[in-house]
6 protein chains.
Amino acid sequence: MPHIIAFGEAMVRLAPPHFQRLEQARTLDVEIGGAELNTAVGLARLGHRVEWVSRVPANPLGQIIVNRVMEAGVGTQHVEHANDGRCGLYFLEFGASPRASSILYDRRDSSIARVQPGTFDWPSIFRGAQWFHVTGITAALSSNAAEVVHEALSFARAAGLRTSIDLNYRSKLWSVEEAGRVMSSLLNLCDVLFASEADAEQLFGVRGVDFAEVAQRLQQQFGLTAVVGAKRETPLVWRNRFGAVGYHDGQFFESPWYDVEIVDRLGAGDALASGVIHGMLENDFEKAIRYGAAMGAIKHSIPGDLPWISAEEVQAVAEGAGLRIKR
Amino acid sequence: MPHIIAFGEAMVRLAPPHFQRLEQARTLDVEIGGAELNTAVGLARLGHRVEWVSRVPANPLGQIIVNRVMEAGVGTQHVEHANDGRCGLYFLEFGASPRASSILYDRRDSSIARVQPGTFDWPSIFRGAQWFHVTGITAALSSNAAEVVHEALSFARAAGLRTSIDLNYRSKLWSVEEAGRVMSSLLNLCDVLFASEADAEQLFGVRGVDFAEVAQRLQQQFGLTAVVGAKRETPLVWRNRFGAVGYHDGQFFESPWYDVEIVDRLGAGDALASGVIHGMLENDFEKAIRYGAAMGAIKHSIPGDLPWISAEEVQAVAEGAGLRIKR
Amino acid sequence: MPHIIAFGEAMVRLAPPHFQRLEQARTLDVEIGGAELNTAVGLARLGHRVEWVSRVPANPLGQIIVNRVMEAGVGTQHVEHANDGRCGLYFLEFGASPRASSILYDRRDSSIARVQPGTFDWPSIFRGAQWFHVTGITAALSSNAAEVVHEALSFARAAGLRTSIDLNYRSKLWSVEEAGRVMSSLLNLCDVLFASEADAEQLFGVRGVDFAEVAQRLQQQFGLTAVVGAKRETPLVWRNRFGAVGYHDGQFFESPWYDVEIVDRLGAGDALASGVIHGMLENDFEKAIRYGAAMGAIKHSIPGDLPWISAEEVQAVAEGAGLRIKR
Amino acid sequence: MPHIIAFGEAMVRLAPPHFQRLEQARTLDVEIGGAELNTAVGLARLGHRVEWVSRVPANPLGQIIVNRVMEAGVGTQHVEHANDGRCGLYFLEFGASPRASSILYDRRDSSIARVQPGTFDWPSIFRGAQWFHVTGITAALSSNAAEVVHEALSFARAAGLRTSIDLNYRSKLWSVEEAGRVMSSLLNLCDVLFASEADAEQLFGVRGVDFAEVAQRLQQQFGLTAVVGAKRETPLVWRNRFGAVGYHDGQFFESPWYDVEIVDRLGAGDALASGVIHGMLENDFEKAIRYGAAMGAIKHSIPGDLPWISAEEVQAVAEGAGLRIKR
Amino acid sequence: MPHIIAFGEAMVRLAPPHFQRLEQARTLDVEIGGAELNTAVGLARLGHRVEWVSRVPANPLGQIIVNRVMEAGVGTQHVEHANDGRCGLYFLEFGASPRASSILYDRRDSSIARVQPGTFDWPSIFRGAQWFHVTGITAALSSNAAEVVHEALSFARAAGLRTSIDLNYRSKLWSVEEAGRVMSSLLNLCDVLFASEADAEQLFGVRGVDFAEVAQRLQQQFGLTAVVGAKRETPLVWRNRFGAVGYHDGQFFESPWYDVEIVDRLGAGDALASGVIHGMLENDFEKAIRYGAAMGAIKHSIPGDLPWISAEEVQAVAEGAGLRIKR
Amino acid sequence: MPHIIAFGEAMVRLAPPHFQRLEQARTLDVEIGGAELNTAVGLARLGHRVEWVSRVPANPLGQIIVNRVMEAGVGTQHVEHANDGRCGLYFLEFGASPRASSILYDRRDSSIARVQPGTFDWPSIFRGAQWFHVTGITAALSSNAAEVVHEALSFARAAGLRTSIDLNYRSKLWSVEEAGRVMSSLLNLCDVLFASEADAEQLFGVRGVDFAEVAQRLQQQFGLTAVVGAKRETPLVWRNRFGAVGYHDGQFFESPWYDVEIVDRLGAGDALASGVIHGMLENDFEKAIRYGAAMGAIKHSIPGDLPWISAEEVQAVAEGAGLRIKR
């Protein structure tokens with residue numbers, strides 16, 4: 001099976017149960033999440049060997065993250081247990097129409113934001129690997145972190161890996177200007193871009209009549225192989241419609257829409273990325289979009305950020321399996 | 001900020017989790033609720049100084065109520081801790097279509113039902129206040145309680161406060177005849193009436209082709225400034241449509257409909273009242289209806305009877321904010 | 001009140017809370033369920049005297065089952081506490097669109113699968129009883145169990161009881177061929193058959209343009225008095241439409257459709273059976289279908305497999321009660 | 001197996017988990033308890049056929065009680081489902097040294113307090129029975145209830161049953177004077193008395209140098225066959241020492257002391273009574289004291305008021321079984 | 001009743017339930033705590049009017065703190081809702097012999113650490129107040145915070161309040177040298193010191209043969225009225241012995257030892273301080289020590305850091321109430 | 001770090017929370033455990049590279065086991081996911097004095113009991129490894145399993161690994177005679193034996209005046225390097241005293257006694273084994289006994305069977321760290 005490397009932060013996520021507001025909470029459910037990690041887990045669940053590269057504090061919170069990454073079948077041998085920095089946290093509050101869900105980040109000064117260029121031995125990490133995945137969030141953590149992302153992408157290219165990046169613009173972390181500048185330089189080192197039309201316009205001023213046109217322009221501007229996005233309709237907080245769109249080799253691809261009954265929508269986009277990378281590793285972009293959509297759609301039904309999904313389930317949903325109880 | 005007084009009962013509410021029936025329950029979730037209290041909390045959340053006047057037993061159940069009223073930011077300095085009477089309880093069972101939710105009241109012989117006229121020093125309580133709110137439920141608890149409501153409204157008027165009352169007819173507490181008689185005498189002391197068309201017809205025989213006509217007649221009959229109601233469609237137990245309607249100064253006002261994904265619909269009407277009173281304190285009836293509708297709609301998304309809502313959220317929903325996650 | 005006997009297995013059901021996947025579970029909710037037991041409980045809730053005949057291991061798991069059967073008001077005096085065999089278990093994982101719910105059975109080698117013909121003193125058990133109910137699942141547990149079902153039906157007929165059977169074909173337990181052969185011989189001893197069109201076709205090769213035609217053929221082939229089925233639409237995992245259809249005395253009956261907000265759909269078909277038997281004990285087949293549909297629809301709103309429903313509730317839903325809170 | 005009748009109230013018990021104070025509670029655990037019921041359950045667990053006679057409200061709280069009584073294997077066919085009166089509740093708060101546990105009763109106006117003489121058909125209830133058990137708590141509920149206890153004891157005697165009563169003086173329910181007067185008249189109809197030295201002194205002014213002397217005097221004064229008590233040392237809230245003492249036929253009996261690690265000490269005295277009655281039904285008073293002590297001691301290890309204990313366990317503990325894990 | 005001011009930080013406390021290690025946690029219980037706040041709550045529970053002065057972030061975590069402070073009956077009108085800084089957190093892991101409990105602090109960069117001198121209008125805050133309480137932890141948060149503590153103590157003295165300080169040396173927050181230097185200057189502004197012998201030696205090099213000697217030296221060195229400490233024996237994690245010692249007016253006072261069954265020992269020292277201040281406000285130092293010991297001992301029995309204790313309970317324990325259930 | 005291989009079964013463990021009896025359970029906590037796995041986890045926590053060899057069913061229960069083994073840092077690359085056999089379960093009920101805890105096994109027909117000789121490629125598994133650990137439980141599962149244990153020990157010896165075995169006699173799985181016969185043949189292939197005096201006598205008829213004498217005889221009879229045991233006193237269910245004893249090179253070693261406040265004593269002996277193996281890998285038997293005792297003692301404080309302990313903690317406890325909160 002191919003071998004994949006992902007690099008980024010994971011945070012401990014704390015959320016009140018039973019639709020309570022944070023203010024009302026007397027207990028919090030503990031999950032972990034991080035854009036690249038979520039994608040890494042999705043790929044491991046599809047049968048790939050995946051290593052997640054990161055930096056966590058050498059304390060029980062850092063250990064929670066490492067334990068759960070291992071539990072999900074992703075390798076942690078390149079995770080540095082640091083004596084500086086803290087563990088990023090985020091507090092999630094589930095809403096219900098007409099009130100949206102919301103997230104309170106408490107991620108400043110995390111161990112990975114303090115990462116130094118040269119920390120990771122990329123050539124050794126990339127030995128034998130086929131794909132490297134990262135997102136704009138990691139680059140946004142600090143200028144150091146952005147530098148390390150650049151370093152990683154350069155080494156990945158040099159080692160012959162295919163590379164993907166998810167824009168994932170977070171306005172709380174950096175300005176549109178800084179994000180545009182940094183991400184531009186990173187995109188030049190990438191093969192596949194995951195992006196929304198809104199982010200593409202905000203960061204690069206790229207716009208078009210539809211996703212296909214925007215994707216085509218991004219592809220040309222940054223020399224990309226493929227551009228992929230999610231499509232989503234949000235009539236209610238707990239009922240959405242979801243699917244995937246992609247542009248590759250001059251062609252536009254689109255999955256069917258899925259009606260999703262949402263249990264937890266965090267990480268749906270990251271699960272989509274794992275389905276897409278899975279398909280692209282088989283050099284089948286049509287399958288990439290189909291699997292990405294199915295994987296992203298199924299993720300909505302699973303608590304936490306991680307996609308606890310099997311290959312059989314993705315296959316079944318992609319083929320339109322029904323909703324009767326499986327006995 | 002204006003200063004508001006509410007008077008009424010609060011009960012301890014006990015409800016099985018996870019949609020269990022009461023018969024199945026091995027644990028019960030503990031909340032508190034009471035029509036006037038719910039409205040008081042909503043007003044406190046919008047930034048007002050609010051005192052809740054009541055009578056609770058001097059035992060841990062009474063203390064639960066007082067603690068939580070304080071937690072919600074409402075003053076309790078005029079709450080009497082009584083050595084007679086018990087703490088009213090209600091048991092709530094959540095249904096799901098085609099079975100409705102249901103409530104079992106166990107509120108007989110509560111401390112507040114035993115209240116005596118003269119218990120509260122109303123002139124001192126009303127000093128510096130602008131608004132007094134009460135509901136028909138308090139009047140229904142006992143003839144003593146009804147007398148104290150009359151006393152309170154009279155003193156409120158005398159002290160120059162604006163007064164509002166919510167009909168809230170409860171057939172388990174008194175007959176239509178008695179309710180009609182008592183409420184008529186109270187309405188003569190009120191500026192604003194919250195009422196449903198059904199209750200108006202049952203209690204006063206007032207009917208009309210629509211809410212506007214009913215409201216106009218009520219307004220004339222009782223010399224009211226404004227009449228306000230909720231509008232609701234109930235296609236399912238966990239999905240409703242909700243909004244507010246009002247009549248003021250010869251004009252009919254109506255909010256948009258909100259699709260609500262219900263987490264807990266108890267207290268939605270009381271939250272509506274707090275939004276309306278908030279708007280009326282600014283002498284803006286159009287805003288009153290808009291805020292009342294938004295506040296009532298948001299309440300459906302929050303566990304318990306109390307409206308843990310912020311002014312910013314009401315504003316956002318009233319302006320049509322979307323349902324994407326707020327990061 | 002009539003007196004009813006049901007015979008079959010009950011299993012301990014273990015399900016993760018909060019929509020977790022089994023893999024994620026750190027706690028499991030404990031319920032019990034079994035097709036005949038579920039129907040027995042439904043009938044007890046409607047006021048009948050019901051005995052459930054079974055064989056459970058003489059250990060705490062067997063005791064959980066017996067305790068809860070008693071809690072639900074069903075008699076257990078004919079339940080054998082066995083020193084051989086284990087307690088059947090099943091693990092239930094709730095899905096959400098587009099992922100279906102699923103069940104993992106761990107029921108091999110259960111005490112009841114080891115039952116021996118002659119174990120139960122049927123003539124004494126049936127003394128004073130009016131109705132005997134069983135399902136194809138019991139017959140599928142082992143050839144011994146099938147023999148005991150045959151024994152029971154023969155004695156029931158001999159004792160003048162009316163008899164009903166639910167096909168309930170389970171492909172994990174036996175082949176279509178074996179099921180067809182065994183069930184054919186059992187159906188010849190039955191008055192009422194609960195079956196789906198799909199099972200009828202799989203097991204007996206009986207098909208038709210609609211349920212009525214299939215039912216008519218089944219009725220003729222096996223000399224049945226009535227054939228009953230459920231109708232269901234499954235647009236989503238947590239929202240279905242449900243109702244009952246039946247064929248009796250040359251006439252086709254059909255209930256209205258119910259929109260069901262699903263809390264737990266396990267046991268809905270068994271609840272339907274209890275409503276139908278209830279109606280047939282009053283010799284009113286129209287009521288049987290109406291009550292069966294209402295009972296099955298309400299069951300979707302209740303956690304666990306057992307129908308914790310009252311006669312008043314069935315009556316109310318059958319008459320189209322609304323969805324407002326009952327106070 | 002002998003057949004036993006018990007008569008009394010059961011309440012729904014609500015207790016915060018995790019040593020929370022009531023004031024802090026956000027959930028409450030739901031159990032049921034009642035002195036006579038607890039003893040009835042203990043006897044059913046030891047293999048006896050037991051009926052519990054009572055009066056509960058015809059609502060879900062009353063149904064919780066009936067369901068759980070059935071779950072514990074005790075018959076409820078003589079329980080009246082009443083349309084008047086409420087369900088008694090009690091709120092339990094667990095302490096820890098140096099703060100004692102405490103109970104807040106909310107039992108006024110219960111359905112059973114409203115019982116009328118003549119409600120129960122005692123001759124029919126006692127047909128075939130050997131023993132009748134009641135406690136002073138039932139007599140304390142109301143003068144009506146006391147009258148019905150007298151009625152029941154008279155009929156029991158007439159029907160040839162042996163009768164037992166537990167003094168269980170509750171100062172919140174009645175005065176020492178009234179209790180002394182009523183209990184005296186009841187004791188004259190009893191064979192076995194369960195009592196503490198303190199209650200004996202308070203109610204009847206009977207005192208002595210030790211339990212034996214007090215018991216002897218009570219025996220003589222009321223013509224009793226046996227007098228039984230618990231012995232308890234309370235160095236801490238969660239560690240006690242416990243045992244049984246008894247006086248019968250001029251002889252004093254005493255069990256060994258048990259070190260008890262307390263999970264829930266409610267109902268320990270009632271469990272003791274069931275062990276004692278069990279032994280006395282075998283006319284073996286030494287065994288009665290031994291079993292009573294073991295059963296009472298084990299009860300401390302079980303959550304809730306009911307003694308979920310098996311005959312084998314009582315036997316094992318009475319014989320001094322060790323504390324290693326049973327595999 | 002006297003009126004008291006406390007100044008300091010409160011943190012959100014997150015702890016795994018059921019003795020889980022943090023690594024194992026899937027849920028965390030949410031409490032709040034802070035040395036001065038805990039003492040403030042204890043005083044409010046004893047009937048005093050108390051205001052807690054602090055600075056919290058204007059987000060849901062800051063709101064959790066403010067809500068719960070209000071719930072406990074302490075005033076928050078002088079709490080600043082800040083737009084800078086985060087909410088301090090601490091993670092608590094309960095141990096069991098031979099493994100101690102442990103705390104992971106995540107409190108860097110809190111809003112209160114960023115407090116500026118001049119933020120609080122101390123003269124207005126102190127108007128009408130009798131006592132001001134603070135601890136060394138607040139001074140340790142940042143040099144700014146230390147400066148504000150100095151400012152507060154100076155204004156308190158000027159306004160005629162009595163002042164108390166708890167050394168509470170935290171080696172994770174500052175060095176022995178810095179703590180010694182800063183605390184010395186603060187002690188000169190204080191009347192009452194709460195300190196352990198160990199801290200006194202570490203920070204000021206003060207030692208003696210026993211607490212009395214150490215206290216006498218501290219009293220002389222800093223011109224104190226009284227010096228108070230806790231005494232504690234720790235044979236096990238969940239069973240301690242606890243009491244209070246004090247030195248006042250040349251005299252040594254000592255409470256009895258209490259055997260404490262520990263539910264949660266956090267905040268015991270702070271509860272002791274509230275009992276002591278309560279006694280000193282009555283100018284009764286013997287009562288101060290007696291109440292301090294009882295209050296501290298009882299605190300061990302209560303989940304969370306806050307002392308949910310009533311004056312009656314303190315009184316009862318101080319008088320040696322027994323451990324039997326209070327009915 | 002040395003590299004260790006363990007071979008055996010892991011079961012899913014289901015236990016009611018809050019000291020409930022199994023009969024009372026409405027939820028069950030889910031843990032995993034297995035003698036060799038527990039030891040493997042202990043060694044991984046101490047920093048070793050460990051692989052656990054087993055056979056689990058290819059279903060969600062098997063996946064729970066694999067996920068959690070990975071979570072604990074133990075390798076699973078040699079675990080076979082089987083299509084035959086089920087997942088072993090055990091139900092654990094916590095007692096309290098005077099009632100012992102108890103276990104109900106439901107492990108028949110597990111995938112690993114169906115293992116075939118030749119299934120595992122032992123030479124490849126043992127490549128680069130230093131130690132192999134197994135227990136008598138694995139040999140007891142089936143004759144096949146015993147054969148595979150023999151196969152594994154033979155290959156381990158051949159590959160130059162040191163080997164250890166824990167007798168762990170389980171009377172539910174096999175007779176004393178069979179166990180004695182099979183274990184004798186396995187012991188001849190082992191270097192280190194973990195055994196209790198009782199098991200040694202039951203299985204091999206070896207007895208002596210104390211552990212040292214028994215150990216010496218076992219050592220001679222089977223050519224062992226070392227014999228190790230636990231020492232335990234059980235005055236109560238939740239308070240024990242615990243330590244380790246060992247015999248090596250003609251010398252008897254004994255750790256201090258630890259007072260343990262028990263949270264969960266399952267797996268304490270297995271944790272002891274991991275401490276011992278850790279010491280022996282450093283060829284320091286005195287440290288082996290010291291670490292074994294500390295690790296076993298600490299395990300009692302941790303929920304579940306797995307020893308979530310760090311090397312620092314073992315070190316600290318072995319050095320007599322105190323019980324004050326670590327801040």
# chains A, B, ... in the order shown; residues from 1 in each chain; ligands from 1
>>> residues_around(residues="range 299-308 of chain E", least_positions_apart="3", cutoff="9 Å", atoms="only C-alpha atoms", output="PyMOL selection string")
(chain D and resi 18-21+23-24+95-99) or (chain E and resi 13+30-35+37-39+41-42+45+72+260-272+294-296)
>>> write_last_selection(atoms="C-alpha atoms", output="PDB file, in the first residue's frame")
ATOM      1  CA  HIS D  18     -20.617  11.553  42.436  1.00  0.00           C
ATOM      2  CA  PHE D  19     -21.064  12.860  45.986  1.00  0.00           C
ATOM      3  CA  GLN D  20     -22.503  16.124  44.748  1.00  0.00           C
ATOM      4  CA  ARG D  21     -24.612  18.139  47.093  1.00  0.00           C
ATOM      5  CA  GLU D  23     -27.516  22.215  45.337  1.00  0.00           C
ATOM      6  CA  GLN D  24     -24.869  21.220  42.829  1.00  0.00           C
ATOM      7  CA  GLY D  95     -22.025  12.960  52.737  1.00  0.00           C
ATOM      8  CA  ALA D  96     -18.473  12.022  53.704  1.00  0.00           C
ATOM      9  CA  SER D  97     -16.779  12.437  57.048  1.00  0.00           C
ATOM     10  CA  PRO D  98     -17.114  14.739  58.857  1.00  0.00           C
ATOM     11  CA  ARG D  99     -20.404  15.552  57.076  1.00  0.00           C
TER      12      ARG D  99
ATOM     13  CA  ARG E  13     -10.870  23.303  36.079  1.00  0.00           C
ATOM     14  CA  VAL E  30     -15.999  21.340  34.520  1.00  0.00           C
ATOM     15  CA  GLU E  31     -15.556  23.243  37.750  1.00  0.00           C
ATOM     16  CA  ILE E  32     -14.086  26.604  38.578  1.00  0.00           C
ATOM     17  CA  GLY E  33     -11.610  27.504  41.257  1.00  0.00           C
ATOM     18  CA  GLY E  34      -9.292  30.166  42.492  1.00  0.00           C
ATOM     19  CA  ALA E  35      -7.798  30.640  45.933  1.00  0.00           C
ATOM     20  CA  LEU E  37     -12.659  33.063  45.060  1.00  0.00           C
ATOM     21  CA  ASN E  38     -12.922  29.872  47.091  1.00  0.00           C
ATOM     22  CA  THR E  39     -12.538  31.901  50.271  1.00  0.00           C
ATOM     23  CA  VAL E  41     -17.607  31.748  48.379  1.00  0.00           C
ATOM     24  CA  GLY E  42     -17.060  30.320  51.832  1.00  0.00           C
ATOM     25  CA  ARG E  45     -22.139  30.867  52.359  1.00  0.00           C
ATOM     26  CA  ALA E  72     -22.396  30.740  44.535  1.00  0.00           C
ATOM     27  CA  VAL E 260     -11.795  13.333  56.500  1.00  0.00           C
ATOM     28  CA  GLU E 261     -13.073  10.954  53.817  1.00  0.00           C
ATOM     29  CA  ILE E 262     -11.941  12.910  50.810  1.00  0.00           C
ATOM     30  CA  VAL E 263     -14.234  13.574  47.883  1.00  0.00           C
ATOM     31  CA  ASP E 264     -12.191  16.526  46.632  1.00  0.00           C
ATOM     32  CA  ARG E 265      -9.514  18.210  48.682  1.00  0.00           C
ATOM     33  CA  LEU E 266      -8.961  21.194  46.426  1.00  0.00           C
ATOM     34  CA  GLY E 267      -9.874  24.413  48.174  1.00  0.00           C
ATOM     35  CA  ALA E 268      -9.736  23.029  51.706  1.00  0.00           C
ATOM     36  CA  GLY E 269      -7.177  25.600  52.772  1.00  0.00           C
ATOM     37  CA  ASP E 270      -9.218  28.373  51.200  1.00  0.00           C
ATOM     38  CA  ALA E 271     -12.341  27.182  52.999  1.00  0.00           C
ATOM     39  CA  LEU E 272     -10.337  27.221  56.228  1.00  0.00           C
ATOM     40  CA  ALA E 294     -14.602  22.681  60.525  1.00  0.00           C
ATOM     41  CA  MET E 295     -15.086  24.502  57.260  1.00  0.00           C
ATOM     42  CA  GLY E 296     -11.819  23.156  55.840  1.00  0.00           C
TER      43      GLY E 296
END
>>> closest_atom_pairs(of="chain F", to="chain B", cutoff="12 Å", atoms="only C-alpha atoms", output="tab-separated table")
residue	atom	partner	partner_atom	distance
F:Gln24	CA	B:Arg26	CA	10.2
F:Ala25	CA	B:Arg26	CA	10.0
F:Arg26	CA	B:Arg26	CA	8.0
F:Thr27	CA	B:Arg26	CA	10.4
>>> select_by_dssp(residues="range 53-148 of chain B", states="helix (DSSP H, G or I)", output="ChimeraX atom specification")
/B:60-71,112-114,122-126,136-140,143-148
>>> residues_around(residues="Phe253 in chain C", least_positions_apart="2", cutoff="12 Å", atoms="only C-alpha atoms", output="ChimeraX atom specification")
/C:211-212,215,226-231,243-251,255-256,276,284-290,292-293
>>> atom_distance(atom1="CA of Ser54 in chain A", atom2="CA of Gln130 in chain A")
18.7 Å
>>> atom_distance(atom1="CA of Glu36 in chain F", atom2="CA of Phe91 in chain F")
18.9 Å
>>> residues_around(residues="Tyr90 in chain C", least_positions_apart="6", cutoff="8 Å", atoms="only C-alpha atoms", output="PyMOL selection string")
chain C and resi 11-14+103-107
>>> write_last_selection(atoms="all heavy atoms", output="compact mmCIF listing (two decimals), in the first residue's frame")
# COMPACT_ATOMS: atom_id res chain seq x y z
N MET C 11 -32.37 -11.27 23.68
CA MET C 11 -30.93 -11.04 23.77
C MET C 11 -30.67 -9.78 24.57
O MET C 11 -31.54 -8.91 24.67
CB MET C 11 -30.36 -10.87 22.36
CG MET C 11 -30.36 -12.16 21.56
SD MET C 11 -29.76 -11.92 19.87
CE MET C 11 -31.24 -11.18 19.15
N VAL C 12 -29.50 -9.69 25.12
CA VAL C 12 -29.05 -8.43 25.69
C VAL C 12 -28.51 -7.60 24.53
O VAL C 12 -27.69 -8.08 23.74
CB VAL C 12 -27.98 -8.65 26.77
CG1 VAL C 12 -27.30 -7.34 27.13
CG2 VAL C 12 -28.61 -9.27 28.02
N ARG C 13 -28.97 -6.38 24.43
CA ARG C 13 -28.54 -5.50 23.36
C ARG C 13 -27.59 -4.45 23.92
O ARG C 13 -27.87 -3.82 24.94
CB ARG C 13 -29.78 -4.83 22.77
CG ARG C 13 -29.51 -3.51 22.08
CD ARG C 13 -30.79 -2.88 21.59
NE ARG C 13 -30.71 -1.44 21.68
CZ ARG C 13 -31.62 -0.61 21.20
NH1 ARG C 13 -32.70 -1.08 20.59
NH2 ARG C 13 -31.47 0.69 21.32
N LEU C 14 -26.50 -4.26 23.23
CA LEU C 14 -25.47 -3.31 23.67
C LEU C 14 -25.24 -2.30 22.57
O LEU C 14 -24.89 -2.68 21.44
CB LEU C 14 -24.19 -4.07 24.02
CG LEU C 14 -24.36 -5.09 25.15
CD1 LEU C 14 -23.14 -6.01 25.24
CD2 LEU C 14 -24.57 -4.40 26.48
N ILE C 103 -26.18 -3.92 12.80
CA ILE C 103 -26.24 -4.81 13.96
C ILE C 103 -25.19 -5.90 13.82
O ILE C 103 -25.05 -6.50 12.75
CB ILE C 103 -27.64 -5.45 14.08
CG1 ILE C 103 -28.67 -4.37 14.43
CG2 ILE C 103 -27.66 -6.55 15.12
CD1 ILE C 103 -30.09 -4.89 14.52
N LEU C 104 -24.46 -6.13 14.89
CA LEU C 104 -23.52 -7.26 14.95
C LEU C 104 -24.09 -8.27 15.94
O LEU C 104 -24.20 -7.97 17.14
CB LEU C 104 -22.16 -6.74 15.45
CG LEU C 104 -21.11 -7.80 15.81
CD1 LEU C 104 -20.65 -8.57 14.59
CD2 LEU C 104 -19.92 -7.14 16.50
N TYR C 105 -24.47 -9.43 15.43
CA TYR C 105 -25.03 -10.45 16.32
C TYR C 105 -23.93 -11.30 16.93
O TYR C 105 -22.95 -11.64 16.27
CB TYR C 105 -25.98 -11.37 15.54
CG TYR C 105 -27.28 -10.71 15.17
CD1 TYR C 105 -27.52 -10.27 13.87
CD2 TYR C 105 -28.27 -10.52 16.13
CE1 TYR C 105 -28.73 -9.67 13.54
CE2 TYR C 105 -29.48 -9.91 15.80
CZ TYR C 105 -29.69 -9.48 14.50
OH TYR C 105 -30.88 -8.87 14.18
N ASP C 106 -24.09 -11.64 18.20
CA ASP C 106 -23.19 -12.57 18.88
C ASP C 106 -24.10 -13.52 19.69
O ASP C 106 -24.17 -13.45 20.91
CB ASP C 106 -22.22 -11.78 19.79
CG ASP C 106 -21.25 -12.69 20.52
OD1 ASP C 106 -21.04 -13.83 20.08
OD2 ASP C 106 -20.70 -12.25 21.56
N ARG C 107 -24.85 -14.33 18.95
CA ARG C 107 -25.92 -15.10 19.57
C ARG C 107 -25.74 -16.60 19.46
O ARG C 107 -26.60 -17.35 19.92
CB ARG C 107 -27.24 -14.70 18.93
CG ARG C 107 -27.37 -15.09 17.47
CD ARG C 107 -28.54 -14.39 16.78
NE ARG C 107 -29.81 -14.66 17.42
CZ ARG C 107 -30.97 -14.13 17.04
NH1 ARG C 107 -31.00 -13.30 16.00
NH2 ARG C 107 -32.07 -14.40 17.67
>>> atom_distance(atom1="CA of Thr163 in chain F", atom2="CA of Leu189 in chain F")
7.5 Å
>>> select_by_dssp(residues="range 77-282 of chain C", states="strand (DSSP E)", output="number ranges by chain")
C: 80-82, 89-93, 102-106, 131-135, 162-166, 192-194, 226-233, 239-248, 251-254, 258-261
>>> residues_around(residues="Glu80 in chain A", least_positions_apart="5", cutoff="9 Å", atoms="only C-alpha atoms", output="list of chain:residue names")
A:Val53, A:Ser54, A:Arg55, A:Val56, A:Pro57, A:Ala58, A:Thr119, A:Phe120
>>> write_last_selection(atoms="C-alpha atoms", output="PDB file, in the first residue's frame")
ATOM      1  CA  VAL A  53       4.487  14.637  11.665  1.00  0.00           C
ATOM      2  CA  SER A  54       3.947  17.145  14.431  1.00  0.00           C
ATOM      3  CA  ARG A  55       5.175  18.629  17.669  1.00  0.00           C
ATOM      4  CA  VAL A  56       3.207  18.184  20.901  1.00  0.00           C
ATOM      5  CA  PRO A  57       3.926  19.196  24.485  1.00  0.00           C
ATOM      6  CA  ALA A  58       5.440  16.490  26.676  1.00  0.00           C
ATOM      7  CA  THR A 119      13.538  20.321  13.486  1.00  0.00           C
ATOM      8  CA  PHE A 120      12.413  17.489  11.249  1.00  0.00           C
TER       9      PHE A 120
END
